[in-house]
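K.L.:
Structure file target.tsv (TSV, C-alpha atoms and all ligand atoms) is given on the next line.
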```
chain	number	residue	atom	x	y	z
A	1	MET	CA	5.59	-4.46	-31.22
A	2	PRO	CA	2.79	-2.39	-29.58
A	3	THR	CA	3.61	0.84	-27.81
A	4	LEU	CA	4.87	0.10	-24.32
A	5	LYS	CA	2.31	0.43	-21.56
A	6	LYS	CA	4.35	2.81	-19.45
A	7	GLN	CA	3.66	5.69	-21.83
A	8	PHE	CA	-0.07	5.45	-21.07
A	9	LYS	CA	0.27	5.19	-17.32
A	10	LYS	CA	-2.67	6.75	-15.47
A	11	PRO	CA	-1.76	9.46	-12.98
A	12	ASN	CA	-1.73	8.52	-9.32
A	13	PHE	CA	-4.37	10.59	-7.58
A	14	THR	CA	-3.90	11.91	-4.06
A	15	HIS	CA	-7.00	11.57	-1.90
A	16	VAL	CA	-7.78	14.28	0.68
A	17	LEU	CA	-10.57	13.81	3.20
A	18	CYS	CA	-12.20	16.97	4.58
A	19	ILE	CA	-14.31	16.52	7.72
A	20	GLY	CA	-16.79	19.13	8.88
A	21	LEU	CA	-15.43	21.87	6.61
A	22	GLU	CA	-17.68	24.80	5.75
A	23	ASP	CA	-18.89	24.72	2.15
A	24	ALA	CA	-17.22	28.05	1.31
A	25	VAL	CA	-13.78	26.89	2.52
A	26	MET	CA	-14.20	23.55	0.78
A	27	GLY	CA	-15.15	25.29	-2.50
A	28	THR	CA	-12.12	27.61	-2.42
A	29	VAL	CA	-9.71	24.76	-1.71
A	30	GLU	CA	-11.18	22.53	-4.42
A	31	SER	CA	-11.02	25.28	-7.03
A	32	CYS	CA	-7.40	26.08	-6.11
A	33	PHE	CA	-6.29	22.46	-6.69
A	34	PHE	CA	-8.58	22.04	-9.70
A	35	LYS	CA	-5.74	21.38	-12.15
A	36	GLU	CA	-3.77	19.03	-9.87
A	37	ASP	CA	-4.11	15.30	-9.23
A	38	LEU	CA	-5.98	15.77	-5.97
A	39	ILE	CA	-9.38	14.31	-5.14
A	40	PHE	CA	-11.24	15.97	-2.26
A	41	HIS	CA	-13.81	13.96	-0.31
A	42	ALA	CA	-16.20	15.76	2.05
A	43	ALA	CA	-17.74	14.12	5.13
A	44	HIS	CA	-20.07	15.62	7.72
A	45	GLN	CA	-20.40	12.44	9.79
A	46	ALA	CA	-17.63	10.43	11.47
A	47	LYS	CA	-19.15	7.21	10.09
A	48	LYS	CA	-18.97	8.48	6.52
A	49	ALA	CA	-15.41	9.70	7.09
A	50	ILE	CA	-14.35	6.20	8.21
A	51	LYS	CA	-16.03	4.68	5.15
A	52	ILE	CA	-14.10	7.05	2.84
A	53	LEU	CA	-10.88	6.20	4.69
A	54	LEU	CA	-11.44	2.48	4.20
A	55	GLU	CA	-12.28	2.78	0.52
A	56	ASN	CA	-9.61	5.24	-0.59
A	57	GLU	CA	-5.92	5.70	-0.05
A	58	VAL	CA	-6.40	8.95	1.87
A	59	GLU	CA	-3.07	10.74	2.31
A	60	LEU	CA	-4.30	13.89	4.06
A	61	MET	CA	-7.21	14.69	6.37
A	62	ILE	CA	-8.40	18.22	7.09
A	63	ILE	CA	-10.51	18.16	10.24
A	64	ASP	CA	-12.62	20.86	11.86
A	65	GLN	CA	-12.16	20.06	15.55
A	66	ASP	CA	-15.33	21.94	16.56
A	67	PHE	CA	-17.32	19.49	14.46
A	68	PHE	CA	-16.47	16.61	16.84
A	69	SER	CA	-17.10	17.96	20.34
A	70	ILE	CA	-16.16	15.10	22.69
A	71	HIS	CA	-15.15	12.16	20.46
A	72	PHE	CA	-12.36	13.92	18.60
A	73	LEU	CA	-9.50	11.99	20.25
A	74	ASP	CA	-11.07	8.56	19.67
A	75	PHE	CA	-11.68	9.44	16.07
A	76	ILE	CA	-8.13	10.67	15.47
A	77	GLN	CA	-6.65	7.57	17.05
A	78	LYS	CA	-8.76	5.34	14.83
A	79	CYS	CA	-7.66	7.25	11.72
A	80	SER	CA	-3.98	7.30	12.52
A	81	SER	CA	-3.97	3.52	12.92
A	82	SER	CA	-5.30	3.14	9.36
A	83	VAL	CA	-2.87	1.60	6.93
A	84	MET	CA	-2.23	4.84	5.04
A	85	ASN	CA	-1.42	6.78	8.22
A	86	PRO	CA	-2.68	10.05	6.68
A	87	ALA	CA	-1.22	13.46	7.47
A	88	MET	CA	-3.66	15.70	9.38
A	89	ILE	CA	-4.44	19.40	9.46
A	90	VAL	CA	-6.74	20.56	12.27
A	91	LEU	CA	-8.89	23.68	12.15
A	92	THR	CA	-9.92	24.92	15.59
A	93	HIS	CA	-11.27	27.70	17.78
A	94	ASP	CA	-9.63	26.22	20.86
A	95	HIS	CA	-6.17	27.69	21.42
A	96	SER	CA	-5.90	26.70	25.05
A	97	PRO	CA	-2.48	25.26	26.02
A	98	GLN	CA	-4.20	21.96	26.90
A	99	ASN	CA	-5.68	21.58	23.46
A	100	MET	CA	-2.44	22.61	21.72
A	101	ARG	CA	-0.51	20.03	23.73
A	102	LYS	CA	-3.05	17.37	22.82
A	103	LEU	CA	-2.78	18.18	19.11
A	104	ILE	CA	1.02	18.15	19.21
A	105	GLN	CA	0.93	14.73	20.87
A	106	LEU	CA	-1.29	13.48	18.09
A	107	LYS	CA	1.41	14.53	15.59
A	108	MET	CA	-0.72	16.91	13.55
A	109	SER	CA	0.97	18.35	10.48
A	110	ASP	CA	-0.57	21.76	11.15
A	111	CYS	CA	-3.16	23.51	13.30
A	112	LEU	CA	-4.99	26.58	11.90
A	113	SER	CA	-7.17	29.15	13.66
A	114	LYS	CA	-10.75	29.68	12.67
A	115	PRO	CA	-12.14	31.57	10.82
A	116	ILE	CA	-10.00	30.01	8.12
A	117	ASP	CA	-7.97	32.11	5.75
A	118	ALA	CA	-8.13	30.09	2.50
A	119	PRO	CA	-4.59	30.96	1.23
A	120	VAL	CA	-3.13	29.86	4.58
A	121	LEU	CA	-5.01	26.55	4.39
A	122	ILE	CA	-3.86	26.01	0.79
A	123	GLU	CA	-0.23	26.59	1.80
A	124	SER	CA	-0.68	24.21	4.73
A	125	ILE	CA	-2.09	21.51	2.41
A	126	ARG	CA	0.90	21.83	0.08
A	127	CYS	CA	3.37	21.58	2.97
A	128	ALA	CA	1.61	18.58	4.58
A	129	LEU	CA	1.53	16.65	1.29
A	130	ALA	CA	5.15	17.51	0.47
A	131	ASP	CA	6.30	16.44	3.98
A	132	ARG	CA	4.39	13.21	3.68
A	133	LYS	CA	5.92	12.48	0.28
A	134	ARG	CA	9.34	12.85	1.86
A	135	SER	CA	8.39	10.40	4.59
A	136	ILE	CA	8.47	6.68	3.86
A	137	TYR	CA	4.69	6.47	3.70
A	138	GLY	CA	4.66	8.71	0.67
A	139	ILE	CA	7.32	6.77	-1.19
A	140	LYS	CA	5.84	4.59	-3.85
A	141	ASP	CA	7.54	2.74	-6.63
A	142	PRO	CA	7.08	4.86	-9.78
A	143	LEU	CA	6.77	1.87	-12.14
A	144	THR	CA	3.89	0.09	-10.39
A	145	GLY	CA	2.52	2.69	-7.96
A	146	PHE	CA	3.01	0.10	-5.16
A	147	TYR	CA	4.66	0.83	-1.80
A	148	ASN	CA	8.43	0.38	-1.66
A	149	ARG	CA	9.99	-2.11	0.75
A	150	TYR	CA	10.62	0.49	3.49
A	151	ALA	CA	6.98	1.54	3.55
A	152	LEU	CA	5.92	-2.11	3.46
A	153	LYS	CA	7.98	-2.88	6.55
A	154	GLU	CA	6.45	0.04	8.46
A	155	ILE	CA	2.92	-0.95	7.41
A	156	LEU	CA	3.58	-4.58	8.33
A	157	LYS	CA	4.66	-3.52	11.84
A	158	LYS	CA	1.36	-1.69	12.27
A	159	GLU	CA	-0.64	-4.62	10.94
A	160	ILE	CA	1.17	-6.99	13.33
A	161	ASP	CA	0.30	-4.67	16.24
A	162	ARG	CA	-3.30	-4.72	15.13
A	163	ALA	CA	-3.38	-8.52	14.73
A	164	LYS	CA	-1.84	-8.87	18.19
A	165	ARG	CA	-4.17	-6.37	19.89
A	166	TYR	CA	-7.41	-7.58	18.34
A	167	HIS	CA	-6.46	-11.27	17.80
A	168	ARG	CA	-6.89	-10.98	14.05
A	169	HIS	CA	-5.49	-13.06	11.22
A	170	LEU	CA	-2.66	-11.74	9.05
A	171	SER	CA	-0.77	-13.32	6.15
A	172	LEU	CA	2.10	-12.24	3.94
A	173	LEU	CA	2.88	-13.27	0.34
A	174	MET	CA	6.31	-12.95	-1.20
A	175	ILE	CA	6.16	-13.23	-5.00
A	176	ASP	CA	9.18	-13.47	-7.31
A	177	VAL	CA	9.15	-13.64	-11.10
A	178	ASP	CA	10.83	-16.81	-12.39
A	179	TYR	CA	13.88	-16.50	-14.66
A	180	PHE	CA	13.23	-12.80	-15.16
A	181	LYS	CA	16.83	-12.08	-16.08
A	182	SER	CA	16.34	-14.07	-19.29
A	183	ILE	CA	13.42	-11.77	-20.29
A	184	ASN	CA	15.64	-8.71	-19.96
A	185	ASP	CA	18.51	-10.45	-21.74
A	186	GLU	CA	16.37	-11.56	-24.65
A	187	PHE	CA	13.96	-8.62	-25.08
A	188	GLY	CA	15.59	-5.69	-23.28
A	189	HIS	CA	14.83	-3.76	-20.09
A	190	LEU	CA	11.89	-1.76	-21.44
A	191	VAL	CA	10.02	-4.95	-22.27
A	192	GLY	CA	11.05	-6.30	-18.85
A	193	ASP	CA	9.49	-3.21	-17.24
A	194	THR	CA	6.29	-3.68	-19.23
A	195	ILE	CA	6.04	-7.28	-18.03
A	196	LEU	CA	6.44	-6.06	-14.44
A	197	GLU	CA	3.60	-3.58	-15.01
A	198	GLU	CA	1.40	-6.36	-16.42
A	199	ILE	CA	2.10	-8.46	-13.33
A	200	ALA	CA	1.39	-5.46	-11.08
A	201	ASP	CA	-1.99	-5.00	-12.82
A	202	ILE	CA	-2.84	-8.68	-12.24
A	203	LEU	CA	-1.93	-8.34	-8.56
A	204	LYS	CA	-4.01	-5.17	-8.22
A	205	ALA	CA	-7.01	-6.88	-9.77
A	206	SER	CA	-6.61	-9.96	-7.53
A	207	VAL	CA	-6.51	-8.43	-4.05
A	208	ARG	CA	-8.93	-6.55	-1.79
A	209	LYS	CA	-8.72	-2.81	-1.15
A	210	THR	CA	-7.47	-3.45	2.37
A	211	ASP	CA	-4.56	-5.62	1.19
A	212	VAL	CA	-1.23	-3.82	0.83
A	213	LEU	CA	0.79	-4.24	-2.36
A	214	SER	CA	4.48	-3.55	-2.45
A	215	ARG	CA	7.35	-3.79	-4.87
A	216	PHE	CA	9.79	-5.38	-2.49
A	217	GLY	CA	12.71	-5.57	-4.90
A	218	GLY	CA	13.39	-5.51	-8.64
A	219	GLU	CA	11.13	-8.38	-9.74
A	220	GLU	CA	9.84	-9.26	-6.30
A	221	PHE	CA	6.50	-8.24	-4.82
A	222	ALA	CA	5.17	-8.52	-1.26
A	223	VAL	CA	1.49	-8.46	-0.34
A	224	ILE	CA	0.19	-7.95	3.21
A	225	LEU	CA	-3.16	-9.67	3.70
A	226	PRO	CA	-4.89	-8.42	6.85
A	227	GLU	CA	-7.77	-10.50	8.24
A	228	THR	CA	-6.62	-13.47	6.14
A	229	THR	CA	-6.05	-17.02	7.36
A	230	ILE	CA	-3.28	-19.18	5.95
A	231	GLY	CA	-5.94	-21.16	4.06
A	232	HIS	CA	-7.39	-18.12	2.32
A	233	ALA	CA	-3.91	-16.73	1.64
A	234	THR	CA	-3.00	-20.02	-0.03
A	235	MET	CA	-6.10	-19.95	-2.23
A	236	LEU	CA	-5.34	-16.37	-3.24
A	237	ALA	CA	-1.67	-17.17	-3.95
A	238	GLU	CA	-2.67	-20.10	-6.13
A	239	ARG	CA	-5.15	-17.89	-8.02
A	240	ILE	CA	-2.46	-15.25	-8.58
A	241	ARG	CA	0.08	-17.87	-9.71
A	242	LYS	CA	-2.39	-19.25	-12.24
A	243	LYS	CA	-3.51	-15.85	-13.55
A	244	ILE	CA	0.10	-14.79	-14.14
A	245	GLU	CA	0.89	-18.07	-15.89
A	246	GLU	CA	-2.18	-17.84	-18.13
A	247	HIS	CA	-1.94	-14.12	-18.98
A	248	ASN	CA	-1.23	-13.22	-22.61
A	249	TYR	CA	2.22	-11.63	-23.04
A	250	THR	CA	2.61	-12.43	-26.75
A	251	PRO	CA	2.67	-8.77	-27.93
A	252	TRP	CA	5.94	-8.34	-26.05
A	253	ILE	CA	7.63	-11.72	-25.73
A	254	GLY	CA	5.97	-14.05	-28.27
A	255	ASN	CA	5.53	-17.60	-27.00
A	256	LYS	CA	7.77	-17.20	-23.97
A	257	LYS	CA	6.05	-17.99	-20.64
A	258	ILE	CA	5.97	-15.84	-17.52
A	259	THR	CA	5.53	-17.56	-14.16
A	260	VAL	CA	6.04	-16.65	-10.52
A	261	SER	CA	6.98	-18.50	-7.35
A	262	ILE	CA	5.17	-17.55	-4.14
A	263	GLY	CA	6.05	-17.98	-0.46
A	264	ILE	CA	3.46	-17.48	2.29
A	265	SER	CA	3.84	-16.80	6.01
A	266	ASN	CA	1.14	-16.29	8.61
A	267	TYR	CA	1.03	-14.46	11.92
A	268	HIS	CA	-0.60	-17.41	13.74
A	269	THR	CA	2.17	-19.85	12.87
A	270	PRO	CA	4.23	-20.45	16.05
A	271	ASP	CA	7.11	-17.98	16.41
A	272	GLN	CA	6.07	-15.80	13.46
A	273	LYS	CA	5.11	-12.80	15.59
A	274	SER	CA	7.41	-10.06	14.32
A	275	ASP	CA	7.69	-8.25	11.01
A	276	LEU	CA	11.22	-9.53	10.45
A	277	VAL	CA	10.30	-13.16	11.13
A	278	LEU	CA	7.18	-12.92	8.97
A	279	ILE	CA	9.23	-11.54	6.05
A	280	HIS	CA	12.03	-14.05	6.59
A	281	SER	CA	9.56	-16.96	6.75
A	282	ALA	CA	7.79	-15.92	3.55
A	283	ASP	CA	11.21	-15.58	1.94
A	284	GLN	CA	12.20	-19.08	3.07
A	285	ALA	CA	8.96	-20.45	1.63
A	286	LEU	CA	9.66	-18.58	-1.61
A	287	TYR	CA	13.13	-20.09	-1.72
A	288	ALA	CA	11.59	-23.56	-1.30
A	289	ALA	CA	9.16	-22.84	-4.17
A	290	LYS	CA	12.15	-21.92	-6.38
A	291	LYS	CA	14.03	-25.04	-5.32
A	292	GLU	CA	11.05	-27.23	-6.15
A	293	GLY	CA	11.20	-26.08	-9.76
A	294	ARG	CA	9.46	-22.64	-9.74
A	295	ASN	CA	5.85	-21.72	-10.72
A	296	LYS	CA	4.87	-23.01	-7.27
A	297	VAL	CA	3.26	-21.84	-4.03
A	298	CYS	CA	4.84	-22.81	-0.69
A	299	ILE	CA	3.78	-22.04	2.86
A	300	SER	CA	6.01	-21.57	5.86
A	301	ILE	CA	4.82	-23.69	8.77
A	302	PRO	CA	7.08	-23.23	11.77
A	303	PRO	CA	10.13	-21.06	11.02
A	304	ARG	CA	12.54	-22.59	8.55
A	305	GLU	CA	10.11	-25.37	7.59
A	306	THR	CA	8.02	-25.26	4.46
A	307	ARG	CA	5.35	-27.28	2.75
A	308	ILE	CA	5.20	-27.51	-1.05
A	309	LEU	CA	1.65	-27.12	-2.30
A	310	ARG	CA	2.05	-27.57	-5.99
B	401	LIG	P1	14.77	-16.73	-10.37
B	401	LIG	O1	13.78	-17.62	-10.99
B	401	LIG	O2	15.78	-17.49	-9.57
B	401	LIG	O3	14.16	-15.64	-9.58
B	401	LIG	O4	15.61	-16.08	-11.57
B	401	LIG	P2	15.71	-14.57	-11.99
B	401	LIG	O5	16.38	-14.50	-13.31
B	401	LIG	O6	14.38	-13.92	-11.91
B	401	LIG	O7	16.58	-13.98	-10.80
B	401	LIG	P3	17.84	-13.09	-10.78
B	401	LIG	O8	17.91	-12.59	-9.36
B	401	LIG	O9	19.05	-13.79	-11.32
B	401	LIG	O10	17.53	-11.89	-11.74
B	401	LIG	C1	16.57	-10.92	-11.46
B	401	LIG	C2	16.56	-10.00	-12.62
B	401	LIG	O11	15.54	-9.00	-12.49
B	401	LIG	C3	17.84	-9.24	-12.80
B	401	LIG	C4	17.45	-7.85	-13.17
B	401	LIG	O12	17.99	-7.52	-14.41
B	401	LIG	C5	15.94	-7.90	-13.26
B	401	LIG	N1	15.35	-6.70	-12.75
B	401	LIG	C6	15.37	-6.23	-11.49
B	401	LIG	N2	14.70	-5.06	-11.41
B	401	LIG	C7	14.26	-4.77	-12.65
B	401	LIG	C8	13.51	-3.67	-13.22
B	401	LIG	O13	13.12	-2.73	-12.55
B	401	LIG	N3	13.23	-3.74	-14.54
B	401	LIG	C9	13.65	-4.75	-15.30
B	401	LIG	N4	13.35	-4.75	-16.58
B	401	LIG	N5	14.37	-5.78	-14.81
B	401	LIG	C10	14.66	-5.80	-13.51
B	402	MG	MG	13.28	-13.87	-10.08
B	403	MG	MG	14.39	-11.98	-7.20
```
Can you present the structure in this file as structure tokens?

P.N.:
Amino acid sequence: MPTLKKQFKKPNFTHVLCIGLEDAVMGTVESCFFKEDLIFHAAHQAKKAIKILLENEVELMIIDQDFFSIHFLDFIQKCSSSVMNPAMIVLTHDHSPQNMRKLIQLKMSDCLSKPIDAPVLIESIRCALADRKRSIYGIKDPLTGFYNRYALKEILKKEIDRAKRYHRHLSLLMIDVDYFKSINDEFGHLVGDTILEEIADILKASVRKTDVLSRFGGEEFAVILPETTIGHATMLAERIRKKIEEHNYTPWIGNKKITVSIGISNYHTPDQKSDLVLIHSADQALYAAKKEGRNKVCISIPPRETRILR
């Protein structure tokens, strides 16, 4: 049997976005964290900062407030509604009570006076990242690197707010591995874990950067699909189902097959307007897929009704 995949797991990098920072400060910070799993991105334009935010899982932003002049508040609000909900450290000259109150309301992790003392900033970065890790947003499943179910629920609430406010599409997939207990029973838990990692890799390779992957339970995954109609979600679910069925697992389990059942719910289906209902509906559809014999995709139409697609 080949060495199990887990032993070669790539480290999870933490992305930090620095906006408007002076080159000297940026250089000192980067060299201090040189040996750690942190990636620093620098932006000197709001547009570039947004692009970096959309393309990377940014967990911390360090922002020079003086860089923004009047649009600071708009910018911060846009960033804090991003899926990752990054922690923020603000560097400022403005210590007026009005500005301090504004920053506190925006739930900054820290606010530092300029000129910046590099050791103070470094300490502040460590604290902000540690605090965030303790919060649900920082909690990821160690096996797959996906969000846990608590984080997923929080992110789903935000995505529902966004879909409501801007009249956008939103779908949810609930994916459960079929007869997984028999894999553990026959080949052991370590092999079971490796199969879960293989499935996680297939999911990662199948979705867009803006989709949110979560390990919802032991052998159950949930995927939030923002900006996705029920039709597109169904096509994606079918593609995922097929890829998992056709993947080669022979090094670990010989000829034994791995399949998944998938349930889909959609924000635009009548009465599916809350996170709990959306999760429950996807779960009901998943249950129907299991009942129909497994290795199937089902969609939830109105609550508690489902349509078998395959
Ligand atoms: P079904 O098709 O109805 O989903 O059948 P199933 O066997 O997958 O479902 P069941 O709920 O009976 O069993 C799920 C199994 O998943 C039981 C548990 O041992 C296994 N499991 C849960 N979490 C993990 C994990 O982290 N690693 C491994 N290896 N197995 C896990
Ligand atoms: Mg299962
Ligand atoms: Mg299950």

K.L.:
Could you list as a list in words every residue that has an atom within 6 Å of (4.8, -16.6, 4.6), using the file's coordinates and counting all atoms listed in the file?

P.N.:
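Output of the proximity query reads Leu172, Leu173, Gly263, Ile264, Ser265, Asn266, Ser281, Ala282, Ile299 and Ser300 of chain A.
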
K.L.:
So which residues touch Leu129 (chain A) within 8 Å, counting only C-alpha atoms, skipping near sequence neighbours fewer than 4 positions away, as a count of residues only?

P.N.:
5

K.L.:
For the interface of chain A with ligand LIG 401 (chain B) (cut-off 9 Å, counting only C-alpha atoms and all ligand atoms), please tabulate each contacting residue of chain A alongside its nearest pair of atoms and their separation in Å to one decimal, rows sorted by chain and increasing number, as a Markdown table.

P.N.:
```
| residue | atom | partner | partner_atom | distance |
| --- | --- | --- | --- | --- |
| A:Leu143 | CA | B:LIG401 | O13 | 7.9 |
| A:Asp176 | CA | B:LIG401 | O3 | 5.9 |
| A:Val177 | CA | B:LIG401 | O6 | 5.3 |
| A:Asp178 | CA | B:LIG401 | O1 | 3.4 |
| A:Tyr179 | CA | B:LIG401 | O5 | 3.5 |
| A:Phe180 | CA | B:LIG401 | O6 | 3.6 |
| A:Lys181 | CA | B:LIG401 | O5 | 3.7 |
| A:Ser182 | CA | B:LIG401 | O5 | 6.0 |
| A:Ile183 | CA | B:LIG401 | N4 | 7.9 |
| A:Asn184 | CA | B:LIG401 | N4 | 5.7 |
| A:Asp185 | CA | B:LIG401 | O12 | 7.9 |
| A:Gly188 | CA | B:LIG401 | N4 | 7.1 |
| A:His189 | CA | B:LIG401 | N4 | 3.9 |
| A:Leu190 | CA | B:LIG401 | N4 | 5.9 |
| A:Val191 | CA | B:LIG401 | N4 | 6.6 |
| A:Gly192 | CA | B:LIG401 | N4 | 3.6 |
| A:Asp193 | CA | B:LIG401 | N4 | 4.2 |
| A:Thr194 | CA | B:LIG401 | N4 | 7.6 |
| A:Ile195 | CA | B:LIG401 | N4 | 7.9 |
| A:Leu196 | CA | B:LIG401 | N3 | 7.2 |
| A:Gly217 | CA | B:LIG401 | N2 | 6.8 |
| A:Gly218 | CA | B:LIG401 | N2 | 3.1 |
| A:Glu219 | CA | B:LIG401 | C6 | 5.1 |
| A:Glu220 | CA | B:LIG401 | C6 | 8.2 |
| A:Thr259 | CA | B:LIG401 | O1 | 8.8 |
| A:Val260 | CA | B:LIG401 | O1 | 7.8 |
| A:Ser261 | CA | B:LIG401 | O1 | 7.8 |
| A:Tyr287 | CA | B:LIG401 | O2 | 8.7 |
| A:Lys290 | CA | B:LIG401 | O1 | 6.5 |
| A:Lys291 | CA | B:LIG401 | O2 | 8.8 |
| A:Gly293 | CA | B:LIG401 | O1 | 8.9 |
| A:Arg294 | CA | B:LIG401 | O1 | 6.7 |
| A:Asn295 | CA | B:LIG401 | O1 | 8.9 |
```

K.L.:
Considering all atoms listed in the file, return as a list in words whatever protein or nucleic-acid residues lie within 12 Å of Lys153 (chain A), sequence-local ones (same chain, fewer than 3 positions apart) excluded.

P.N.:
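Everything that qualifies: Val83, Ile136, Tyr137, Tyr147, Asn148, Arg149, Tyr150, Leu156, Lys157, Lys158, Glu159, Ile160, Leu172, Val212, Leu213, Ser214, Arg215, Phe216, Ala222, Val223, Ile224, Ser274, Asp275, Leu276, Val277, Leu278, Ile279 and His280 of chain A.
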
K.L.:
Find, counting only C-alpha atoms and all ligand atoms, the residue in A:Met174, A:Ile155, A:Asp211, A:Glu198 that gets nearest to ligand MG 403 (chain B).

P.N.:
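Among A:Met174, A:Ile155, A:Asp211, A:Glu198, it is A:Met174 that comes nearest to ligand MG 403 (chain B).
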
K.L.:
Go ahead and compute the interatomic distance for CA of Leu21 (chain A) and CA of Ile139 (chain A), in Å to one decimal.

P.N.:
28.4 Å

K.L.:
Rank A:Phe40, A:Ile175, A:Phe33, A:Lys164 by their smallest atom-to-atom distance to ligand MG 402 (chain B), using only C-alpha atoms and all ligand atoms, and report the top residue only.

P.N.:
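Under the stated criterion, the closest residue is A:Ile175.
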
K.L.:
When distances are computed from all atoms listed in the file, which of A:Leu17, A:Ile244, A:Ala233, A:Leu170 shows the smallest separation from Glu197 (chain A)?

P.N.:
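Ranking A:Leu17, A:Ile244, A:Ala233, A:Leu170 by distance to Glu197 (chain A), first place goes to A:Ile244.
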
K.L.:
Can you tell me how far CA of Asp141 (chain A) sits from CA of Cys298 (chain A), in Å to one decimal?

P.N.:
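One can read the CA of Asp141 (chain A) to CA of Cys298 (chain A) distance as 26.4 Å.
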
K.L.:
Please compute the CA of Ile76 (chain A)-CA of Ile104 (chain A) distance, one decimal, in Å.

P.N.:
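It comes out at 12.4 Å.
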
K.L.:
For Val25 (chain A), please output as a ChimeraX atom specification all residues within 9 Å (counting only C-alpha atoms; exclusion window: fewer than 3 positions along the same chain).

P.N.:
/A:21-22,28-30,116-118,121

K.L.:
I'd like the neighbourhood of region 203-210 of chain A as an NGL selection string, where a residue qualifies if any of its atoms comes within 8 Å (using only C-alpha atoms), though same-chain residues fewer than 2 positions away should be ignored.

P.N.:
:A and (54-55 or 199-201 or 212-213 or 225-226 or 236 or 240)

K.L.:
Restricting the calculation to only C-alpha atoms: of A:Cys32, A:Pro270, A:Lys257, A:Ile262, which residue gets closest to Pro119 (chain A)?

P.N.:
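Looking at the shortest contact to Pro119 (chain A), the residue is A:Cys32.
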
K.L.:
What's the 10 Å shell around Ile52 (chain A), counting all atoms listed in the file, without same-chain residues fewer than 5 positions away, as a PDB file with C-alpha atoms, keeping the file's coordinate frame?

P.N.:
```pdb
ATOM      1  CA  HIS A  15      -7.000  11.570  -1.900  1.00  0.00           C
ATOM      2  CA  VAL A  16      -7.780  14.280   0.680  1.00  0.00           C
ATOM      3  CA  LEU A  17     -10.570  13.810   3.200  1.00  0.00           C
ATOM      4  CA  HIS A  41     -13.810  13.960  -0.310  1.00  0.00           C
ATOM      5  CA  ALA A  42     -16.200  15.760   2.050  1.00  0.00           C
ATOM      6  CA  ALA A  43     -17.740  14.120   5.130  1.00  0.00           C
ATOM      7  CA  ALA A  46     -17.630  10.430  11.470  1.00  0.00           C
ATOM      8  CA  LYS A  47     -19.150   7.210  10.090  1.00  0.00           C
ATOM      9  CA  GLU A  57      -5.920   5.700  -0.050  1.00  0.00           C
ATOM     10  CA  VAL A  58      -6.400   8.950   1.870  1.00  0.00           C
TER      11      VAL A  58
END
```

K.L.:
For Gln272 (chain A), which residue out of A:Ser171, A:Ser31, A:Ser124, A:Ser96 is the nearest one, using only C-alpha atoms?

P.N.:
A:Ser171

K.L.:
Using only C-alpha atoms and all ligand atoms, which of the listed residues (A:Tyr249, A:Met100, A:Asp283, A:Glu123) sits closest to ligand MG 403 (chain B)?

P.N.:
A:Asp283

K.L.:
Would you compute an axis-aligned box for region 37-48 of chain A, covering every atom listed for it in the file with 6 Å of margin on each side, and report centre and edge lengths in Å to one decimal as JSON?

P.N.:
```
{"center_x": -12.3, "center_y": 11.6, "center_z": 1.1, "size_x": 28.3, "size_y": 20.8, "size_z": 32.7}
```

K.L.:
When you get a chance, write out N, CA and C atoms for region 188-197 of chain A, as an mmCIF file, in the frame of the given file.

P.N.:
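Saved result, part.cif, follows:
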```cif
data_model
loop_
_atom_site.group_PDB
_atom_site.id
_atom_site.type_symbol
_atom_site.label_atom_id
_atom_site.label_comp_id
_atom_site.auth_asym_id
_atom_site.auth_seq_id
_atom_site.Cartn_x
_atom_site.Cartn_y
_atom_site.Cartn_z
ATOM 1 N N GLY A 188 15.204 -7.037 -23.721
ATOM 2 C CA GLY A 188 15.590 -5.690 -23.280
ATOM 3 C C GLY A 188 14.824 -5.249 -22.025
ATOM 4 N N HIS A 189 15.374 -4.235 -21.370
ATOM 5 C CA HIS A 189 14.830 -3.760 -20.090
ATOM 6 C C HIS A 189 13.454 -3.137 -20.193
ATOM 7 N N LEU A 190 13.200 -2.427 -21.314
ATOM 8 C CA LEU A 190 11.890 -1.760 -21.440
ATOM 9 C C LEU A 190 10.769 -2.781 -21.487
ATOM 10 N N VAL A 191 11.015 -3.877 -22.221
ATOM 11 C CA VAL A 191 10.020 -4.950 -22.270
ATOM 12 C C VAL A 191 9.900 -5.579 -20.872
ATOM 13 N N GLY A 192 11.061 -5.765 -20.221
ATOM 14 C CA GLY A 192 11.050 -6.300 -18.850
ATOM 15 C C GLY A 192 10.162 -5.440 -17.947
ATOM 16 N N ASP A 193 10.315 -4.115 -18.060
ATOM 17 C CA ASP A 193 9.490 -3.210 -17.240
ATOM 18 C C ASP A 193 8.011 -3.364 -17.555
ATOM 19 N N THR A 194 7.701 -3.526 -18.834
ATOM 20 C CA THR A 194 6.290 -3.680 -19.230
ATOM 21 C C THR A 194 5.698 -4.959 -18.636
ATOM 22 N N ILE A 195 6.504 -6.019 -18.625
ATOM 23 C CA ILE A 195 6.040 -7.280 -18.030
ATOM 24 C C ILE A 195 5.768 -7.077 -16.528
ATOM 25 N N LEU A 196 6.647 -6.327 -15.874
ATOM 26 C CA LEU A 196 6.440 -6.060 -14.440
ATOM 27 C C LEU A 196 5.146 -5.269 -14.226
ATOM 28 N N GLU A 197 4.858 -4.338 -15.124
ATOM 29 C CA GLU A 197 3.600 -3.580 -15.010
ATOM 30 C C GLU A 197 2.384 -4.475 -15.228
#
```
